[in-house]
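One structure is given below, encoded as structure tokens.
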Amino acid sequence: MTPAASVLAPFLCPGYPIEMQQAQFATAAAPKSNSSGAIPVSTEKPFKKILAANRGEIATRIMRASAELGIPSAGIYSHEDRFTQHRYKADQAFELNRSKSPVAAYLDIEFIVDLCKKNGVEAVHPGYGFLSENEKFADALEKNGIAFIGPTVDNLRTFGDKTSAKNLAIAMGVPVIGGSDHAFKTIADAREWIADPSNDCGYPVIVKAAMGGGGRGIRVVPNESDLEAMFTQASNEALTAFGDGRCFVEKYVETPRHIEVQCLGDGTGSVVHLYDRDCSVQRRHQKVVETAPAQGLRPDTRQSLFDDACRLLSANKYRAAGTVEFLVDKRGDHYFMEVNPRVQVEHTVTEEITGIDIVQSQILIASGKTLSELGLTQDQIPEPMGYAMQVRVTTEDPAHDFRPDTGTIDVFRMPAGFGIRLDDGPGFPGAHITPHYDSLLVKITAKARKRRDAASKLIRALKEFRVRGVVTNKSFLLNVLENDQFCFIAANPYLLEPLKEKDRAQKLLHYIGDVIVNGPPKSLGAVGTPPSPIDPIIPTIEPKPKTKPSLKEIFDNNGPEAFAKAVRQNEGLLITDTTWRDAHQSLLATRLRTIDILNIAPATSVALRNAYSIENWGGATFDVCMRFLKECPWDRLAAMREAVPDIPFQMLLRGANAVGYTSYPDNVVYEFCQVAKDTGMDVFRVFDSVNYIENMKLGIDAVGQAGGIVEAACCYTGDVSDPNRGQYTLEYYLNFVRELEALGIHVLAIKDMAGLLKPEAAKLLVGSIREEFPNLPIHVHTHDTAGTGVASMLACAHAGADAVDAATDAMSGLTSQPSLGAIVASTQGSKLETGIDLKEVSALNEYWEECRGLYAPFESGQKSGSADVYIHEMPGGQYTNLLFQSNQLGLTGQWSQVKKAYATANRLLGDIIKVTPSSKVTGDLAQFIVANNLSEAEVIERASTLSFPTSVVEYFQGYLGIPPFGFPEPLRTRVLRGKTIEGTNGLTQFEGRPGADLAPFDFDTERSKLEQKWGPTSEEYSHNFTVRDVDLLSHAMYPAVFDEFMESLSTYGKLSNLDTRTFVSGMKVGDELKVDLEPGKSLVVKLISVGTCDRDGNVAIQFELNGSPRTAHIKDRSSGVETKQKPKALLDVEGSVGAPMPGVVLDTKVAKGDIVKAGDPLVTLSAMKMETTVASPCDGVITRLVVTAGDQVAAGDLIVEITEE
């Protein structure tokens, strides 16, 4: 080894000639060997300063190459690029002319040359794009004594014009595709040339810009009718990007391979090739995957490509890097396309397989070095080592026709590892991606011994790559790479399917940030004291050996009849724990979250192993989950079932209303019950809010068909022990139970929603039912509003009830259920012993005591029970909700009046049973009475002119069914005067079950609508959502609420894994929390700082996520800064035309009043230098033109309105 080689030995690559690598380290001042034959390493630099006359990735690449050669670098940047990476990678950076547009600034030759002269720049590297092929730029630099690191002016003149390049190729015997010899300025000239039979160039043709590259200014024209639009787009795009709108026409060769040869020339006629690249995988003539070397080429074809490329460039004494591009057809014949007289985006793959630094070679050649002096003669260039493959990650959305995306990057985490090279551009956390420039974020190049292995490395790297804040083409690239054939994109639309990335971490940070800045959502109702700072201690209860089959096992193995028999034969009193549903509905406005249920689930599954059931689903919990907690109720049910597999689950089913507040088509109720049963539900407590037997029948039949346990409820009101109470007598209830029993129910529930069932009444009612129905299991539910709940439940048990409802002590009392611990303790040692261990449930209770502190913001403030429930008869589950609702409606301080008005409303409605939704009707009417200061008599007298709440009107129309003793008159007639039921033929009221005449719900059509709105192809939401059967049912019952939930899911992701304190009140600086996303995947989040509100009304919040910095930019809604929202196009209105992508309006083709035909151009947009003409979707008249040239638009913004004709 020579002395110089020994110095460089640590830096040399094995497998490549030492002399060649030495020469790469040598500089222009060391052109000759010494007498010993060694090439000395000179310390003299080729240039004193190099300017990278470009931006983004290629500017950074040039600066890095300069630094490696020891040459200071300078950069340029537009005002819009002042925060981009290439500016601060340079040793110096100079702002371009602010008076120019963002693109024009980089094309300002005079300004850039003057800048070089003033700042001692000796050489300029133009990169690719912008001025890289502009002969005037190269000439201006040369005339001012500044070296142009690229081809000579003559090279640019010859090869920058595709027509002259083609003529030279023909002269040199290089095969070419038939096409025009000159470029056309007008569509008419191009059309005339194509129509001339002597040119032998019929459709399809390809229109290509005479100047430029990068896939811009190229359009395929399938037939003559497309020529005008395609030529115009190509010409305008070329004019914008390159300053020359001329285009020439070629015969279009379908499905060829695109093979290019990388060459280096030194300007003396000496040209070498650095082998070939396969760039066949393209979209819109933009390369997607580049591979070196090309696989599967015949040896003779490959050698012909090398020979033709070198001969062509040598004939023009080409200097610097250049690429000769060819099409290779199925027979292996090749045709010259063009010469790209510049370094190309994909030069990295060639560098990886040859070990030759192309950018450094350009610099050295520009300084005067010859290929021979650099050790780059053809015989010294090694054979390719392995395969290299490159992809370009861009801010384009494959699911929406590669619509360019703009915005602020919140997360930018690049991959690394063996065989991966990154050439990064404008991407970094906080970077703002604008519509002005190319959408390239980073180039990823992989190298491996085999082509497939290189693809595998790219796949791995792309999966590691994280970008949040803007949409990228990552999913598309992965789909392409995972296809073994790398097949043609246009023929394989599945390649455009978006990657189902969850983006969970950043979405979660945005939710936490929003709570920090703006507080919890107002609708959540977290208005009380802050959550407790104490985390509940989760107890561990050791499982006990089984001594008998559980009720769950009996049901699963033998069915509901066997379950009912086992309940009836049970010795002692069975308990249903309502803590997971009705208890928190009654005390905490139904705000209990899934995470706090699942935390205690393992201990609960042991402590309540002998329980009748756990009531945990249905009723108000269903819609509140979505509406306020932003959780999926079905996911909650599935998670609870997995955590507690051996205790029956119980839900509340509102008869024909399922879990809604109105009637639904019968098939919805049947499907709901079946899916609920399949998801984990066992006992369905079926009730109707007015004890209307026809509504009950539907629910009972639906549960029975699903295979669930039918626990039919007799809703209780009044006082059977008081003969003067009125219409709800003992005989009324016995008659109703007889009707239920005749329907084949499995269990009877007595549902005392308001806690009106006094101990004496309990003995009378339960005892009478037990006497008449000795084999029917009886289950009693009450509320402890008056404080008599435990006594009443014990009275029921002594009278023959098999099961009663209770809640863990910390969640009992007041408007909730009686104390579980009290009932367990009261029955110990008696024939009613519950089989539940007091110590075990006390351990559960300790958890709930502390957990309730987390829900302090939702406490009603109620301090004690109240016997006035016997007067107003308000259900316990409604009490706290109505109190909160009254405060929201401005009735704070009038709660006592609301309670009195509730009793008044009950009388006005006919003394009805009050349970959701009839209780809601009563509550709405009560608030209406208080808000309008009405007396009972005034309501009746003025009923025909009052604007009653919708729920009240619908009650009188029969939406809930028919109450036991009919509707009160004349109030009903007066309320309904002049009103008809929407969707009916003038019907004023239902005469029977309101849902009986509803048309079946079209599940298939509704599923399709949901997929269009929320699925991967959604125009409005960037969301990878698969519509499940459970989602369809949520939509069927609560369409608006489901949409709100989905918007939250799209914006913030799944929130059920976030702890409750953070969910409600956010974090404080220095706080750290752990979020378990799924088994084996967790996030550690720490809040570092909260910024101040900027002029746009945004607050920057700094987090650490798993130890890495993360930023969330949150809109401060109290800042007073209003974001002007542009009108959006209406998706369902054909004449409402929206922008297909974000961008800048280049030109408007129409004016108000113009008559247009379908397909006529309306507006031309440019986004990241990609031009698109928006065409009219219909015939009509322009009634509104919203945009003008220069306007920036977002995807979906309204641009034109057309009145169809």
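In the structure tokens, the first chain shown is A, the next is B, and so on; residue numbers restart at 1 for each chain, and ligands run from 1 in the order shown.
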Check: Near stretch 992-997 of chain A, counting only C-alpha atoms, which residues have an atom at most 8 Å away, once you skip same-chain residues fewer than 3 positions from it, shown as a PyMOL selection string?
Finding: chain A and resi 656+663-666+694-695+958-962
Go ahead and write the selection's residues with N, CA, C and O atoms as a JSON list (two decimals), in the first residue's frame.
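Output contents, as saved in again.json:
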```json
[["chain", "number", "residue", "atom", "x", "y", "z"],
["A", 656, "ALA", "N", -88.99, -1.43, 22.95],
["A", 656, "ALA", "CA", -88.93, -1.13, 21.52],
["A", 656, "ALA", "C", -87.93, -0.02, 21.22],
["A", 656, "ALA", "O", -87.59, 0.21, 20.06],
["A", 663, "SER", "N", -88.52, 5.30, 18.99],
["A", 663, "SER", "CA", -88.79, 3.99, 18.39],
["A", 663, "SER", "C", -87.89, 3.78, 17.18],
["A", 663, "SER", "O", -87.54, 4.72, 16.45],
["A", 664, "TYR", "N", -87.56, 2.52, 16.99],
["A", 664, "TYR", "CA", -86.71, 2.14, 15.86],
["A", 664, "TYR", "C", -87.40, 1.04, 15.06],
["A", 664, "TYR", "O", -88.28, 0.35, 15.58],
["A", 665, "PRO", "N", -87.01, 0.88, 13.82],
["A", 665, "PRO", "CA", -87.54, -0.26, 13.06],
["A", 665, "PRO", "C", -87.26, -1.56, 13.80],
["A", 665, "PRO", "O", -86.24, -1.70, 14.48],
["A", 666, "ASP", "N", -88.17, -2.51, 13.66],
["A", 666, "ASP", "CA", -88.05, -3.76, 14.41],
["A", 666, "ASP", "C", -86.72, -4.46, 14.15],
["A", 666, "ASP", "O", -86.13, -5.04, 15.06],
["A", 694, "GLU", "N", -97.28, -3.59, 24.28],
["A", 694, "GLU", "CA", -96.90, -3.80, 22.89],
["A", 694, "GLU", "C", -95.42, -3.49, 22.66],
["A", 694, "GLU", "O", -94.75, -4.16, 21.89],
["A", 695, "ASN", "N", -94.93, -2.45, 23.32],
["A", 695, "ASN", "CA", -93.49, -2.15, 23.24],
["A", 695, "ASN", "C", -92.67, -3.24, 23.93],
["A", 695, "ASN", "O", -91.57, -3.59, 23.48],
["A", 958, "GLY", "N", -97.71, 9.99, 20.79],
["A", 958, "GLY", "CA", -97.66, 8.54, 20.95],
["A", 958, "GLY", "C", -96.34, 7.90, 20.59],
["A", 958, "GLY", "O", -96.26, 6.69, 20.40],
["A", 959, "TYR", "N", -95.28, 8.72, 20.52],
["A", 959, "TYR", "CA", -93.97, 8.17, 20.17],
["A", 959, "TYR", "C", -93.50, 7.13, 21.19],
["A", 959, "TYR", "O", -92.76, 6.21, 20.83],
["A", 960, "LEU", "N", -93.91, 7.28, 22.46],
["A", 960, "LEU", "CA", -93.45, 6.34, 23.48],
["A", 960, "LEU", "C", -94.43, 5.18, 23.68],
["A", 960, "LEU", "O", -94.12, 4.25, 24.42],
["A", 961, "GLY", "N", -95.56, 5.25, 23.04],
["A", 961, "GLY", "CA", -96.61, 4.27, 23.26],
["A", 961, "GLY", "C", -97.77, 4.91, 24.00],
["A", 961, "GLY", "O", -97.84, 6.13, 24.17],
["A", 962, "ILE", "N", -98.67, 4.05, 24.44],
["A", 962, "ILE", "CA", -99.88, 4.54, 25.11],
["A", 962, "ILE", "C", -99.76, 4.28, 26.61],
["A", 962, "ILE", "O", -99.57, 3.13, 27.03]]
```
Note to self: I'd like the neighbourhood of A:Val339 as a PyMOL selection string, where a residue qualifies if any of its atoms comes within 7 Å (using only C-alpha atoms), though same-chain residues fewer than 4 positions away should be ignored.
What the structure shows: chain A and resi 159+322-325
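Straight-line separation from atom CA of A:Glu1201 to atom CA of A:Gly1143: 18.9 Å.
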Checklist line | Nearest candidate to A:Ala807 (options A:Lys1115, A:His584, A:Arg302, A:Arg609; using only C-alpha atoms) | finding: A:His584
Next item on the list: Work out how far atom CA of A:Thr60 is from atom CA of A:Gly417, in Å to one decimal.
Entry: 21.0 Å
Next item on the list: Compile the contact shell of stretch 717-733 of chain A as an MDAnalysis selection string: residues with an atom at most 10 Å away, counting only C-alpha atoms, same-chain residues fewer than 6 positions apart removed.
Entry: chainID A and resid 691 739 750:765 768:769 870:871 873 875 911:915 964:965
Any chance you could export the current selection's N, CA and C atoms as a compact mmCIF listing (two decimals), in the first residue's frame?
```txt
# COMPACT_ATOMS: atom_id res chain seq x y z
N ASN A 691 -94.96 1.18 30.72
CA ASN A 691 -95.51 -0.18 30.87
C ASN A 691 -96.45 -0.54 29.72
N GLU A 739 -99.64 -10.48 32.15
CA GLU A 739 -99.37 -10.31 30.72
C GLU A 739 -97.92 -10.65 30.39
N ILE A 750 -88.97 -6.04 39.22
CA ILE A 750 -89.77 -4.91 39.69
C ILE A 750 -88.84 -3.72 39.68
N LYS A 751 -89.12 -2.79 38.82
CA LYS A 751 -88.20 -1.67 38.59
C LYS A 751 -88.77 -0.41 39.25
N ASP A 752 -88.22 -0.11 40.44
CA ASP A 752 -88.66 1.04 41.22
C ASP A 752 -87.66 2.17 41.01
N MET A 753 -87.87 2.94 39.95
CA MET A 753 -86.87 3.91 39.50
C MET A 753 -86.71 5.09 40.46
N ALA A 754 -87.75 5.46 41.15
CA ALA A 754 -87.68 6.64 42.00
C ALA A 754 -87.47 6.30 43.48
N GLY A 755 -87.43 5.00 43.82
CA GLY A 755 -87.28 4.64 45.23
C GLY A 755 -88.56 4.86 46.01
N LEU A 756 -89.69 4.59 45.34
CA LEU A 756 -91.00 4.80 45.99
C LEU A 756 -91.51 3.56 46.71
N LEU A 757 -90.83 2.41 46.52
CA LEU A 757 -91.30 1.15 47.07
C LEU A 757 -90.93 1.07 48.56
N LYS A 758 -91.88 1.45 49.40
CA LYS A 758 -91.66 1.42 50.85
C LYS A 758 -91.66 -0.03 51.35
N PRO A 759 -91.08 -0.29 52.52
CA PRO A 759 -91.01 -1.67 53.01
C PRO A 759 -92.36 -2.39 53.06
N GLU A 760 -93.39 -1.72 53.55
CA GLU A 760 -94.70 -2.38 53.62
C GLU A 760 -95.25 -2.66 52.23
N ALA A 761 -95.07 -1.70 51.32
CA ALA A 761 -95.53 -1.91 49.94
C ALA A 761 -94.74 -3.03 49.30
N ALA A 762 -93.47 -3.12 49.63
CA ALA A 762 -92.63 -4.18 49.07
C ALA A 762 -93.14 -5.56 49.49
N LYS A 763 -93.48 -5.71 50.78
CA LYS A 763 -94.00 -7.00 51.25
C LYS A 763 -95.29 -7.36 50.51
N LEU A 764 -96.15 -6.36 50.37
CA LEU A 764 -97.46 -6.62 49.74
C LEU A 764 -97.29 -6.99 48.28
N LEU A 765 -96.51 -6.20 47.55
CA LEU A 765 -96.37 -6.42 46.11
C LEU A 765 -95.62 -7.72 45.81
N SER A 768 -97.51 -10.87 46.99
CA SER A 768 -98.67 -11.21 46.13
C SER A 768 -98.21 -11.86 44.83
N ILE A 769 -97.14 -11.34 44.25
CA ILE A 769 -96.63 -11.92 43.00
C ILE A 769 -96.08 -13.32 43.27
N TYR A 870 -91.18 11.10 47.59
CA TYR A 870 -92.54 10.55 47.60
C TYR A 870 -93.55 11.56 47.09
N ILE A 871 -93.10 12.84 46.98
CA ILE A 871 -93.98 13.89 46.45
C ILE A 871 -93.73 14.09 44.96
N GLU A 873 -91.59 12.22 42.97
CA GLU A 873 -91.46 10.93 42.29
C GLU A 873 -90.41 10.93 41.18
N PRO A 875 -87.16 9.84 39.32
CA PRO A 875 -86.26 8.69 39.35
C PRO A 875 -84.86 9.07 39.81
N ASP A 911 -100.22 11.39 35.25
CA ASP A 911 -99.67 10.55 36.33
C ASP A 911 -99.08 9.29 35.73
N ILE A 912 -97.97 9.48 35.04
CA ILE A 912 -97.38 8.37 34.28
C ILE A 912 -96.26 7.70 35.07
N ILE A 913 -95.89 6.52 34.63
CA ILE A 913 -94.68 5.87 35.13
C ILE A 913 -93.50 6.66 34.58
N LYS A 914 -92.54 6.89 35.43
CA LYS A 914 -91.44 7.79 35.02
C LYS A 914 -90.13 7.04 35.02
N VAL A 915 -89.70 6.71 33.84
CA VAL A 915 -88.40 6.07 33.64
C VAL A 915 -88.01 6.41 32.21
N PRO A 964 -100.76 3.67 30.60
CA PRO A 964 -101.77 2.71 31.10
C PRO A 964 -103.18 3.25 31.14
N PHE A 965 -103.34 4.52 31.41
CA PHE A 965 -104.69 5.07 31.59
C PHE A 965 -104.99 6.16 30.57
```
Check: Pick the closest to A:Gly386 from A:Thr370, A:Thr785, A:Gln817, A:Gln295: which is it, counting only C-alpha atoms?
Finding: A:Gln295
Notebook entry, point to check: A:Gln862: which residues within 10 Å, counting only C-alpha atoms, same-chain residues fewer than 4 positions away excluded, as an MDAnalysis selection string?
Noted result: chainID A and resid 587 814:815 866 879:880 883
Margin query: Please extract the residues of stretch 274-447 of chain A with a backbone DSSP assignment of alpha helix (DSSP H) and present them as a PyMOL selection string.
Written below: chain A and resi 299-315+347-354+358-366
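Take atom CA of A:Thr84 and atom CA of A:Lys117: the distance between them is 24.4 Å.
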Next item on the list: Skip A:Val1121 itself and residues of its chain fewer than 4 positions away, then list as a PyMOL selection string all residues within 8 Å of it, counting only C-alpha atoms.
Entry: chain A and resi 1095-1097+1117
Could you save the residues just selected, with N, CA and C atoms, as a JSON list (two decimals), in the first residue's frame?
```json
[["chain", "number", "residue", "atom", "x", "y", "z"],
["A", 1095, "ARG", "N", -49.75, 34.93, 17.83],
["A", 1095, "ARG", "CA", -50.66, 35.88, 17.17],
["A", 1095, "ARG", "C", -51.77, 35.16, 16.40],
["A", 1096, "ASP", "N", -51.55, 33.88, 16.11],
["A", 1096, "ASP", "CA", -52.59, 33.11, 15.42],
["A", 1096, "ASP", "C", -53.52, 32.41, 16.40],
["A", 1097, "GLY", "N", -53.28, 32.63, 17.70],
["A", 1097, "GLY", "CA", -54.14, 32.01, 18.70],
["A", 1097, "GLY", "C", -53.75, 30.60, 19.06],
["A", 1117, "ARG", "N", -59.04, 28.67, 22.36],
["A", 1117, "ARG", "CA", -60.35, 29.16, 21.94],
["A", 1117, "ARG", "C", -60.79, 30.39, 22.72]]
```
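Backbone DSSP of stretch 433-586 of chain A yields strand (DSSP E or B) at Ile433, Leu440, Leu441, Val442, Lys443, Ile444, Thr445, Ala446, Lys447, Ala448, Arg466, Val467, Arg468, Leu574, Ile575, Thr576 and Asp577 of chain A.
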